[in-house]
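Novice: Pasting query23.cif here (mmCIF, C-alpha atoms and all ligand atoms):
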```cif
data_coords
loop_
_atom_site.label_atom_id
_atom_site.label_comp_id
_atom_site.auth_asym_id
_atom_site.auth_seq_id
_atom_site.Cartn_x
_atom_site.Cartn_y
_atom_site.Cartn_z
CA MET A 1 2.10 24.68 7.41
CA ILE A 2 3.30 21.11 6.98
CA SER A 3 1.26 18.17 8.26
CA ILE A 4 3.13 14.98 9.01
CA VAL A 5 0.83 11.96 9.02
CA ILE A 6 2.05 8.89 10.89
CA PRO A 7 0.07 5.67 11.46
CA VAL A 8 1.05 3.82 14.64
CA TYR A 9 0.26 0.35 15.81
CA ASN A 10 2.02 -0.99 18.92
CA GLU A 11 5.04 1.27 18.56
CA GLU A 12 5.67 2.22 22.21
CA LEU A 13 9.41 1.63 21.92
CA ILE A 14 9.99 3.94 19.02
CA LEU A 15 7.88 7.02 19.61
CA PRO A 16 10.27 9.15 21.72
CA LYS A 17 13.14 8.54 19.31
CA LEU A 18 10.90 9.25 16.34
CA LEU A 19 9.72 12.54 17.79
CA ASP A 20 13.27 13.64 18.58
CA ARG A 21 14.36 13.04 15.03
CA ILE A 22 11.34 14.76 13.53
CA LYS A 23 11.83 17.78 15.78
CA SER A 24 15.47 18.20 14.93
CA SER A 25 14.81 17.77 11.21
CA MET A 26 11.96 20.26 11.23
CA GLN A 27 13.98 22.80 13.17
CA GLU A 28 16.26 23.54 10.26
CA MET A 29 13.26 24.45 8.11
CA ASP A 30 11.66 27.09 10.24
CA GLN A 31 8.16 26.12 9.10
CA ALA A 32 5.02 25.65 11.15
CA TYR A 33 4.05 22.00 11.36
CA GLU A 34 1.73 19.50 12.99
CA ILE A 35 2.24 15.79 13.55
CA ILE A 36 -0.91 13.71 13.21
CA PHE A 37 -0.57 10.33 14.84
CA VAL A 38 -3.25 7.83 14.01
CA ASP A 39 -3.35 5.19 16.70
CA ASP A 40 -4.62 2.14 14.88
CA GLY A 41 -6.00 0.30 17.90
CA SER A 42 -2.66 -0.30 19.63
CA ARG A 43 -2.67 -2.74 22.53
CA ASP A 44 0.53 -1.56 24.16
CA ARG A 45 1.32 1.82 25.74
CA THR A 46 1.45 3.65 22.41
CA LEU A 47 -1.55 5.86 23.12
CA GLU A 48 -0.39 6.65 26.65
CA ILE A 49 3.03 7.68 25.39
CA LEU A 50 1.47 9.84 22.70
CA HIS A 51 -0.54 11.65 25.37
CA GLU A 52 2.57 12.15 27.50
CA GLN A 53 4.44 13.59 24.55
CA ARG A 54 1.50 15.80 23.68
CA THR A 55 1.60 17.60 27.01
CA ALA A 56 5.09 18.84 26.15
CA GLU A 57 4.60 19.27 22.41
CA THR A 58 1.38 20.94 21.32
CA ARG A 59 2.05 20.26 17.66
CA ILE A 60 1.10 16.64 18.23
CA LYS A 61 -2.42 15.66 17.29
CA ILE A 62 -3.88 12.24 17.95
CA ILE A 63 -6.63 10.28 16.28
CA GLU A 64 -7.63 7.24 18.28
CA PHE A 65 -9.29 4.47 16.28
CA SER A 66 -12.01 2.33 17.83
CA ARG A 67 -10.00 -0.78 16.88
CA ASN A 68 -7.27 -1.90 14.49
CA PHE A 69 -8.36 -1.05 10.94
CA GLY A 70 -5.01 -1.51 9.20
CA HIS A 71 -2.24 0.61 7.76
CA GLN A 72 -4.16 1.97 4.76
CA ALA A 73 -7.18 2.98 6.83
CA ALA A 74 -4.94 4.75 9.35
CA ILE A 75 -3.16 6.68 6.63
CA THR A 76 -6.49 7.66 5.10
CA ALA A 77 -7.77 9.03 8.41
CA GLY A 78 -4.57 11.02 8.91
CA LEU A 79 -4.74 12.50 5.44
CA GLU A 80 -8.38 13.45 5.87
CA HIS A 81 -7.56 15.36 9.04
CA ALA A 82 -4.44 17.12 7.83
CA SER A 83 -4.77 20.87 7.65
CA GLY A 84 -1.38 21.80 6.21
CA GLU A 85 -0.53 23.19 2.82
CA PHE A 86 1.98 20.37 2.44
CA ILE A 87 1.35 16.88 3.73
CA ALA A 88 4.02 14.31 4.51
CA LEU A 89 3.34 10.65 4.98
CA MET A 90 5.74 8.37 6.82
CA ASP A 91 5.93 5.19 8.86
CA SER A 92 6.59 5.41 12.57
CA ASP A 93 9.43 2.89 12.72
CA LEU A 94 12.18 5.18 11.38
CA GLN A 95 12.58 3.09 8.24
CA ASP A 96 11.83 6.38 6.53
CA PRO A 97 14.40 8.94 7.73
CA PRO A 98 12.74 12.19 8.94
CA GLU A 99 15.88 14.03 7.83
CA LEU A 100 14.50 13.80 4.30
CA LEU A 101 11.49 15.96 5.11
CA PRO A 102 13.32 19.28 4.53
CA LEU A 103 14.60 18.01 1.17
CA MET A 104 11.10 16.98 0.15
CA TYR A 105 9.72 20.34 1.19
CA GLU A 106 12.47 22.02 -0.82
CA LYS A 107 11.09 20.39 -4.00
CA LEU A 108 7.51 21.36 -3.33
CA LYS A 109 7.70 24.83 -1.87
CA ASP A 110 8.19 26.85 -5.03
CA GLY A 111 5.40 24.97 -6.83
CA ARG A 112 7.61 23.20 -9.34
CA PHE A 113 6.36 19.82 -8.14
CA ASP A 114 3.18 18.63 -6.47
CA VAL A 115 4.27 15.21 -5.25
CA VAL A 116 7.65 13.98 -3.98
CA ASN A 117 8.00 10.23 -3.58
CA GLY A 118 10.67 8.59 -1.48
CA PHE A 119 12.55 6.34 -3.86
CA ARG A 120 14.24 3.42 -2.11
CA ASP A 121 17.46 2.93 -4.01
CA ALA A 122 18.76 0.56 -1.38
CA ARG A 123 17.10 -1.36 1.39
CA LYS A 124 18.49 -2.61 4.62
CA ASP A 125 15.45 -4.56 5.73
CA ASP A 126 15.23 -8.31 5.50
CA LYS A 127 16.13 -10.18 2.35
CA ARG A 128 12.91 -12.14 1.86
CA ARG A 129 10.85 -8.97 2.11
CA ARG A 130 13.13 -7.30 -0.39
CA TRP A 131 12.66 -9.75 -3.23
CA MET A 132 8.96 -10.15 -2.52
CA THR A 133 8.50 -6.39 -2.68
CA LYS A 134 10.53 -6.25 -5.86
CA LEU A 135 8.42 -8.94 -7.50
CA PHE A 136 5.24 -7.20 -6.38
CA HIS A 137 6.36 -3.85 -7.76
CA ARG A 138 7.22 -5.48 -11.08
CA ILE A 139 3.81 -7.11 -11.38
CA PHE A 140 1.98 -4.03 -10.17
CA THR A 141 3.76 -1.67 -12.57
CA GLU A 142 3.08 -4.01 -15.51
CA ALA A 143 -0.51 -4.62 -14.54
CA SER A 144 -1.56 -1.10 -13.61
CA GLY A 145 0.42 0.83 -16.20
CA LEU A 146 1.16 3.39 -13.48
CA SER A 147 4.57 4.95 -13.39
CA GLN A 148 6.29 6.28 -10.24
CA ILE A 149 5.53 3.06 -8.44
CA GLU A 150 8.62 0.94 -8.64
CA ASN A 151 10.66 1.20 -5.45
CA THR A 152 8.41 3.81 -3.91
CA GLY A 153 6.40 3.10 -0.80
CA HIS A 154 4.38 5.34 1.45
CA PHE A 155 7.08 7.83 2.37
CA SER A 156 6.21 11.01 0.47
CA MET A 157 5.18 14.64 0.64
CA ILE A 158 2.41 16.14 -1.45
CA ASN A 159 0.76 19.54 -1.71
CA ARG A 160 -2.81 20.43 -0.87
CA GLN A 161 -4.03 20.20 -4.45
CA ALA A 162 -2.66 16.68 -4.85
CA LEU A 163 -4.12 15.69 -1.47
CA ASP A 164 -7.55 16.97 -2.43
CA ALA A 165 -7.36 14.91 -5.61
CA LEU A 166 -6.28 11.85 -3.63
CA LEU A 167 -9.13 12.25 -1.18
CA THR A 168 -11.79 12.42 -3.88
CA MET A 169 -11.12 8.71 -4.44
CA LYS A 170 -13.41 7.09 -1.92
CA GLU A 171 -12.84 3.44 -2.70
CA LYS A 172 -12.81 1.03 0.23
CA THR A 173 -9.91 -1.18 -0.84
CA ARG A 174 -7.14 1.32 -0.82
CA TYR A 175 -3.56 1.13 -1.91
CA ILE A 176 -2.26 4.61 -1.24
CA PRO A 177 0.98 4.48 -3.32
CA GLY A 178 -1.15 3.39 -6.29
CA LEU A 179 -3.69 6.16 -5.75
CA ARG A 180 -0.90 8.68 -5.33
CA SER A 181 0.55 7.69 -8.67
CA TYR A 182 -2.90 7.60 -10.30
CA ILE A 183 -3.67 11.27 -9.61
CA GLY A 184 -0.80 12.43 -11.80
CA PHE A 185 0.27 16.08 -11.33
CA ARG A 186 3.96 16.89 -11.33
CA GLN A 187 5.70 14.08 -9.52
CA THR A 188 9.33 13.66 -8.64
CA SER A 189 11.31 11.52 -6.26
CA ILE A 190 14.16 11.62 -3.80
CA SER A 191 16.37 8.56 -3.35
CA TYR A 192 17.10 7.27 0.07
CA GLU A 193 18.27 4.15 1.74
CA ARG A 194 15.46 2.34 3.50
CA GLN A 195 16.65 1.56 7.00
CA GLU A 196 15.93 -1.35 9.23
CA ARG A 197 13.20 -0.91 11.80
CA ALA A 198 14.57 1.10 14.74
CA SER A 199 13.01 -1.37 17.16
CA GLY A 200 10.21 -3.86 17.50
CA GLU A 201 9.00 -6.11 14.71
CA SER A 202 7.13 -5.46 11.51
CA LYS A 203 3.41 -5.07 12.22
CA MET A 204 2.52 -6.48 8.84
CA SER A 205 2.14 -10.25 8.70
CA LEU A 206 2.80 -12.20 5.54
CA THR A 207 -0.97 -12.46 5.05
CA ASP A 208 -1.32 -8.67 5.43
CA LEU A 209 1.33 -8.12 2.80
CA PHE A 210 -0.21 -10.64 0.44
CA GLY A 211 -3.61 -9.00 0.96
CA LEU A 212 -2.19 -5.57 0.26
CA ALA A 213 -0.54 -6.82 -2.93
CA ALA A 214 -3.80 -8.46 -4.05
CA ASP A 215 -5.76 -5.27 -3.28
CA ALA A 216 -3.26 -3.26 -5.26
CA VAL A 217 -3.31 -5.48 -8.33
CA PHE A 218 -7.04 -6.18 -8.38
CA SER A 219 -8.12 -2.61 -7.77
CA PHE A 220 -5.78 -1.06 -10.30
CA SER A 221 -5.99 -3.34 -13.28
CA LYS A 222 -8.01 -5.66 -15.39
CA PHE A 223 -4.83 -7.61 -16.00
CA PRO A 224 -5.93 -10.70 -14.02
CA LEU A 225 -9.16 -10.87 -16.03
CA ARG A 226 -7.24 -10.37 -19.26
CA ALA A 227 -4.75 -13.08 -18.33
CA CYS A 228 -7.67 -15.46 -17.72
CA LEU A 229 -9.15 -14.62 -21.07
CA TRP A 230 -5.88 -15.30 -22.87
CA LEU A 231 -5.26 -18.49 -20.98
CA GLY A 232 -8.82 -19.57 -21.73
CA LEU A 233 -8.41 -18.86 -25.43
CA THR A 234 -5.12 -20.72 -25.53
CA GLY A 235 -6.88 -23.64 -23.85
CA VAL A 236 -9.65 -23.56 -26.44
CA PHE A 237 -7.06 -23.62 -29.22
CA ILE A 238 -5.16 -26.56 -27.68
CA PHE A 239 -8.34 -28.56 -27.15
CA LEU A 240 -9.47 -27.82 -30.67
CA LEU A 241 -6.27 -29.44 -31.93
CA ALA A 242 -6.73 -32.33 -29.50
CA GLY A 243 -10.32 -32.71 -30.71
CA ILE A 244 -9.19 -32.93 -34.31
CA HIS A 245 -6.63 -35.51 -33.27
CA VAL A 246 -9.30 -37.60 -31.52
CA LEU A 247 -11.63 -37.31 -34.53
CA VAL A 248 -8.90 -38.36 -36.95
CA SER A 249 -7.97 -41.35 -34.74
CA LYS A 250 -11.62 -42.37 -34.65
CA ILE A 251 -12.05 -42.17 -38.43
CA THR A 252 -8.81 -44.01 -39.19
CA GLY A 253 -9.84 -46.69 -36.70
CA TRP A 254 -6.91 -46.12 -34.37
CA ALA A 255 -6.84 -47.81 -31.00
CA PRO A 256 -8.54 -45.55 -28.38
CA LEU A 257 -6.05 -43.51 -26.39
CA GLY A 258 -5.57 -44.37 -22.75
CA TRP A 259 -6.78 -42.50 -19.72
CA SER A 260 -3.62 -40.44 -19.18
CA SER A 261 -4.71 -37.93 -21.77
CA THR A 262 -8.22 -37.84 -20.31
CA MET A 263 -6.95 -37.33 -16.79
CA ILE A 264 -4.53 -34.62 -17.84
CA SER A 265 -7.30 -32.72 -19.61
CA ILE A 266 -9.56 -33.01 -16.58
CA TYR A 267 -6.89 -31.77 -14.20
CA PHE A 268 -5.88 -29.01 -16.55
CA LEU A 269 -9.41 -27.80 -17.22
CA GLY A 270 -10.38 -28.17 -13.59
CA SER A 271 -7.50 -26.09 -12.31
CA ILE A 272 -7.98 -23.42 -14.94
CA GLN A 273 -11.66 -23.15 -14.07
CA LEU A 274 -10.92 -22.87 -10.36
CA THR A 275 -8.34 -20.17 -10.97
CA PHE A 276 -10.76 -18.21 -13.11
CA LEU A 277 -13.50 -18.50 -10.53
CA GLY A 278 -11.03 -17.23 -7.94
CA VAL A 279 -10.17 -14.22 -10.06
CA LEU A 280 -13.83 -13.45 -10.69
CA GLY A 281 -14.42 -13.84 -6.97
CA GLU A 282 -11.79 -11.20 -6.20
CA TYR A 283 -13.56 -8.66 -8.38
CA ILE A 284 -17.02 -9.58 -7.11
CA TYR A 285 -15.80 -9.30 -3.52
CA ARG A 286 -14.47 -5.82 -4.21
CA THR A 287 -17.69 -4.74 -5.90
CA TYR A 288 -19.59 -6.10 -2.92
CA LYS A 289 -17.43 -4.16 -0.46
CA GLU A 290 -17.95 -0.97 -2.43
CA SER A 291 -21.71 -1.47 -2.52
CA GLN A 292 -21.87 -2.05 1.24
CA ASP A 293 -20.39 1.41 1.54
CA ARG A 294 -19.17 0.97 5.11
CA PRO A 295 -16.84 3.61 6.54
CA ILE A 296 -13.15 2.71 6.22
CA TYR A 297 -12.55 3.35 9.94
CA PHE A 298 -14.22 4.52 13.15
CA ILE A 299 -12.67 7.11 15.43
CA ARG A 300 -13.04 6.73 19.18
CA LYS A 301 -11.63 10.13 20.06
CA LYS A 302 -9.68 12.98 18.51
CA TYR A 303 -7.15 15.11 20.35
CA PHE A 304 -6.54 18.19 18.25
N1 LIG B 1 0.63 0.07 11.08
C1 LIG B 1 -0.67 0.45 11.36
N2 LIG B 1 -1.64 -0.52 11.43
C2 LIG B 1 -1.37 -1.84 11.20
C3 LIG B 1 -0.05 -2.20 10.87
C4 LIG B 1 0.93 -1.23 10.82
O1 LIG B 1 -0.95 1.62 11.57
O2 LIG B 1 -2.29 -2.64 11.27
C5 LIG B 1 1.68 1.12 11.02
C6 LIG B 1 2.96 0.80 11.79
O3 LIG B 1 2.90 1.24 13.12
C7 LIG B 1 4.00 1.57 11.00
C8 LIG B 1 3.47 1.51 9.58
O4 LIG B 1 2.08 1.23 9.68
O5 LIG B 1 4.09 2.93 11.39
C9 LIG B 1 4.17 0.47 8.75
O6 LIG B 1 4.10 -0.77 9.42
P1 LIG B 1 5.34 -1.77 9.50
O7 LIG B 1 6.60 -0.99 9.72
O8 LIG B 1 5.01 -2.80 10.51
O9 LIG B 1 5.31 -2.38 8.06
P2 LIG B 1 6.57 -2.72 7.13
O10 LIG B 1 7.51 -1.56 7.19
O11 LIG B 1 7.14 -3.96 7.71
O12 LIG B 1 5.94 -2.90 5.79
MG MG B 2 8.29 -0.74 8.77
#
```
Mind turning the file's structure into structure tokens?
Specialist:
Amino acid sequence: MISIVIPVYNEELILPKLLDRIKSSMQEMDQAYEIIFVDDGSRDRTLEILHEQRTAETRIKIIEFSRNFGHQAAITAGLEHASGEFIALMDSDLQDPPELLPLMYEKLKDGRFDVVNGFRDARKDDKRRRWMTKLFHRIFTEASGLSQIENTGHFSMINRQALDALLTMKEKTRYIPGLRSYIGFRQTSISYERQERASGESKMSLTDLFGLAADAVFSFSKFPLRACLWLGLTGVFIFLLAGIHVLVSKITGWAPLGWSSTMISIYFLGSIQLTFLGVLGEYIYRTYKESQDRPIYFIRKKYF
């Protein structure tokens, strides 16, 4: 069986179209499947529509969250409840074409691969998002040392063994594409063109995206700490030279230097120290969240 995990948040406009396209794509495969919708605290008619659809289509399963916990939490819940031998992950807005599911399954079914990532070789969504994502992927790949990340998002299909590995990682700040790359196994990808949202607007605000990027970088690498260390050492070296300069001026009885140099050093040191404190704060915050050990989400009701 194939489980298709789909997080939904205020997607009332898209659901019928999404289901139609999934159904017709799955038909050509002749494989049993279930669709697990995780309703991430939607405020529109999303849940109602899911229930309507479920009366006609028993393969639909619904997890209703107690409130909005975010994309990553919703995906995690869906993955934890999937019972299939193969598990697909996709967004609900048809940016990820369901027609790719049979091709992904094709790569996994004979056991040659364990993970198929959707590789976005072209994107139709908005320009600003595109270069921001590109920049993020660059930084993340450099910082984490993980391969398989550039140009891959959530759209993917993995087998049970890979899923079990993924689910052993219980961390609270989750970046699923990073975790999926981290587990290793035999990974491959399928290129596709990322479409524009079928309708509605992106449910991720700029702050959400920035937060996700920060979570990804800080939880997968010590690069920020390393960068601080190097910057700090460079600073020490520069101020050592400056110190020698001051000492020499003093000994040779030079006129004292003006305040510009003093002010520049203060600003420079001050801003470096603040940045470093911020970076330390990010790691401490994450350690704190882990030690609180709160559940990632709460479920109000399950319809299975
Ligand atoms: N989503 C969610 N919870 C949220 C935000 C988004 O479950 O708090 C879902 C949303 O319904 C969609 C997927 O996550 O199925 C990706 O969201 P979106 O398309 O808004 O993000 P983008 O494609 O703009 O990154
Ligand atoms: Mg989207």
Novice: Name each residue within 7 Å of ligand LIG 1 (chain B), counting only C-alpha atoms and all ligand atoms, as a list in words.
Specialist: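 The residues within 7 Å of ligand LIG 1 (chain B), counting only C-alpha atoms and all ligand atoms, are Ile6, Pro7, Val8, Tyr9, Asn10, Glu11, Asp39, Asp40, Asn68, Phe69, Gly70, His71, Ala74, Asp91, Ser92, Asp93, Gln95, Arg197, Glu201, Ser202, Lys203 and Met204 of chain A.
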Novice: Report, in Å with one decimal, the straight-line distance from atom CA of A:Glu99 to atom CA of A:Phe140.
Specialist: 29.0 Å
Novice: Using only C-alpha atoms, which protein or nucleic acid residues come within 8 Å of A:Leu167? Drop anything in the same chain fewer than 4 positions from it, and give the result as number ranges by chain.
Specialist: A: 79-80, 163
Novice: Any idea what the distance is between atom CA of A:Val38 and atom CA of A:Ile183?
Specialist: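 Atom-to-atom, atom CA of A:Val38 to atom CA of A:Ile183, that is 23.9 Å.
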Novice: Determine, counting all atoms listed in the file, which protein, DNA and RNA residues have an atom within 10 Å of an atom of A:Leu209; residues of the same chain fewer than 6 positions away are not included. Present the result as a PyMOL selection string.
Specialist: chain A and resi 129+132-133+215
Novice: Please work out which residues fall within 8 Å of (12.5, 5.5, -4.2), coordinates as given in the file, with all atoms listed in the file counting, and return them as a ChimeraX atom specification.
Specialist: /A:117-121,150-153,189-192
Novice: Hey, can you pull every residue with an atom no more than 12 Å from (4.0, 24.3, -0.8), using only C-alpha atoms, and send it as an MDAnalysis selection string?
Specialist: chainID A and resid 1:3 31 84:88 102 104:116 157:163
Novice: Write the residues you've just listed into a file as a PDB file, keeping the file's coordinate frame, and include C-alpha atoms for each of them.
Specialist:
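New file again.pdb:
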```
ATOM      1  CA  MET A   1       2.100  24.680   7.410  1.00  0.00           C
ATOM      2  CA  ILE A   2       3.300  21.110   6.980  1.00  0.00           C
ATOM      3  CA  SER A   3       1.260  18.170   8.260  1.00  0.00           C
ATOM      4  CA  GLN A  31       8.160  26.120   9.100  1.00  0.00           C
ATOM      5  CA  GLY A  84      -1.380  21.800   6.210  1.00  0.00           C
ATOM      6  CA  GLU A  85      -0.530  23.190   2.820  1.00  0.00           C
ATOM      7  CA  PHE A  86       1.980  20.370   2.440  1.00  0.00           C
ATOM      8  CA  ILE A  87       1.350  16.880   3.730  1.00  0.00           C
ATOM      9  CA  ALA A  88       4.020  14.310   4.510  1.00  0.00           C
ATOM     10  CA  PRO A 102      13.320  19.280   4.530  1.00  0.00           C
ATOM     11  CA  MET A 104      11.100  16.980   0.150  1.00  0.00           C
ATOM     12  CA  TYR A 105       9.720  20.340   1.190  1.00  0.00           C
ATOM     13  CA  GLU A 106      12.470  22.020  -0.820  1.00  0.00           C
ATOM     14  CA  LYS A 107      11.090  20.390  -4.000  1.00  0.00           C
ATOM     15  CA  LEU A 108       7.510  21.360  -3.330  1.00  0.00           C
ATOM     16  CA  LYS A 109       7.700  24.830  -1.870  1.00  0.00           C
ATOM     17  CA  ASP A 110       8.190  26.850  -5.030  1.00  0.00           C
ATOM     18  CA  GLY A 111       5.400  24.970  -6.830  1.00  0.00           C
ATOM     19  CA  ARG A 112       7.610  23.200  -9.340  1.00  0.00           C
ATOM     20  CA  PHE A 113       6.360  19.820  -8.140  1.00  0.00           C
ATOM     21  CA  ASP A 114       3.180  18.630  -6.470  1.00  0.00           C
ATOM     22  CA  VAL A 115       4.270  15.210  -5.250  1.00  0.00           C
ATOM     23  CA  VAL A 116       7.650  13.980  -3.980  1.00  0.00           C
ATOM     24  CA  MET A 157       5.180  14.640   0.640  1.00  0.00           C
ATOM     25  CA  ILE A 158       2.410  16.140  -1.450  1.00  0.00           C
ATOM     26  CA  ASN A 159       0.760  19.540  -1.710  1.00  0.00           C
ATOM     27  CA  ARG A 160      -2.810  20.430  -0.870  1.00  0.00           C
ATOM     28  CA  GLN A 161      -4.030  20.200  -4.450  1.00  0.00           C
ATOM     29  CA  ALA A 162      -2.660  16.680  -4.850  1.00  0.00           C
ATOM     30  CA  LEU A 163      -4.120  15.690  -1.470  1.00  0.00           C
TER      31      LEU A 163
END
```
Novice: Could you pull the residues within 8 Å of A:Phe223, counting all atoms listed in the file, minus those fewer than 4 positions along the same chain, as a ChimeraX atom specification?
Specialist: /A:143-144,227
Novice: I'd like the interatomic distance between atom CA of A:Leu231 and atom CA of A:Thr262, to a tenth of an Å.
Specialist: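 We find that atom CA of A:Leu231 and atom CA of A:Thr262 lie 19.6 Å from each other.
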Novice: Which residue, A:Ile60, A:Leu94, A:Ile238, A:Ala216, has the smallest gap to A:Ile139 when you use only C-alpha atoms?
Specialist: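 Closest candidate: A:Ala216.
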Novice: Taking only C-alpha atoms into account, name the residue in A:Leu229, A:Arg67, A:Arg186, A:Leu206 that is nearest to A:Arg43.
Specialist: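 Under the stated criterion, the closest residue is A:Arg67.
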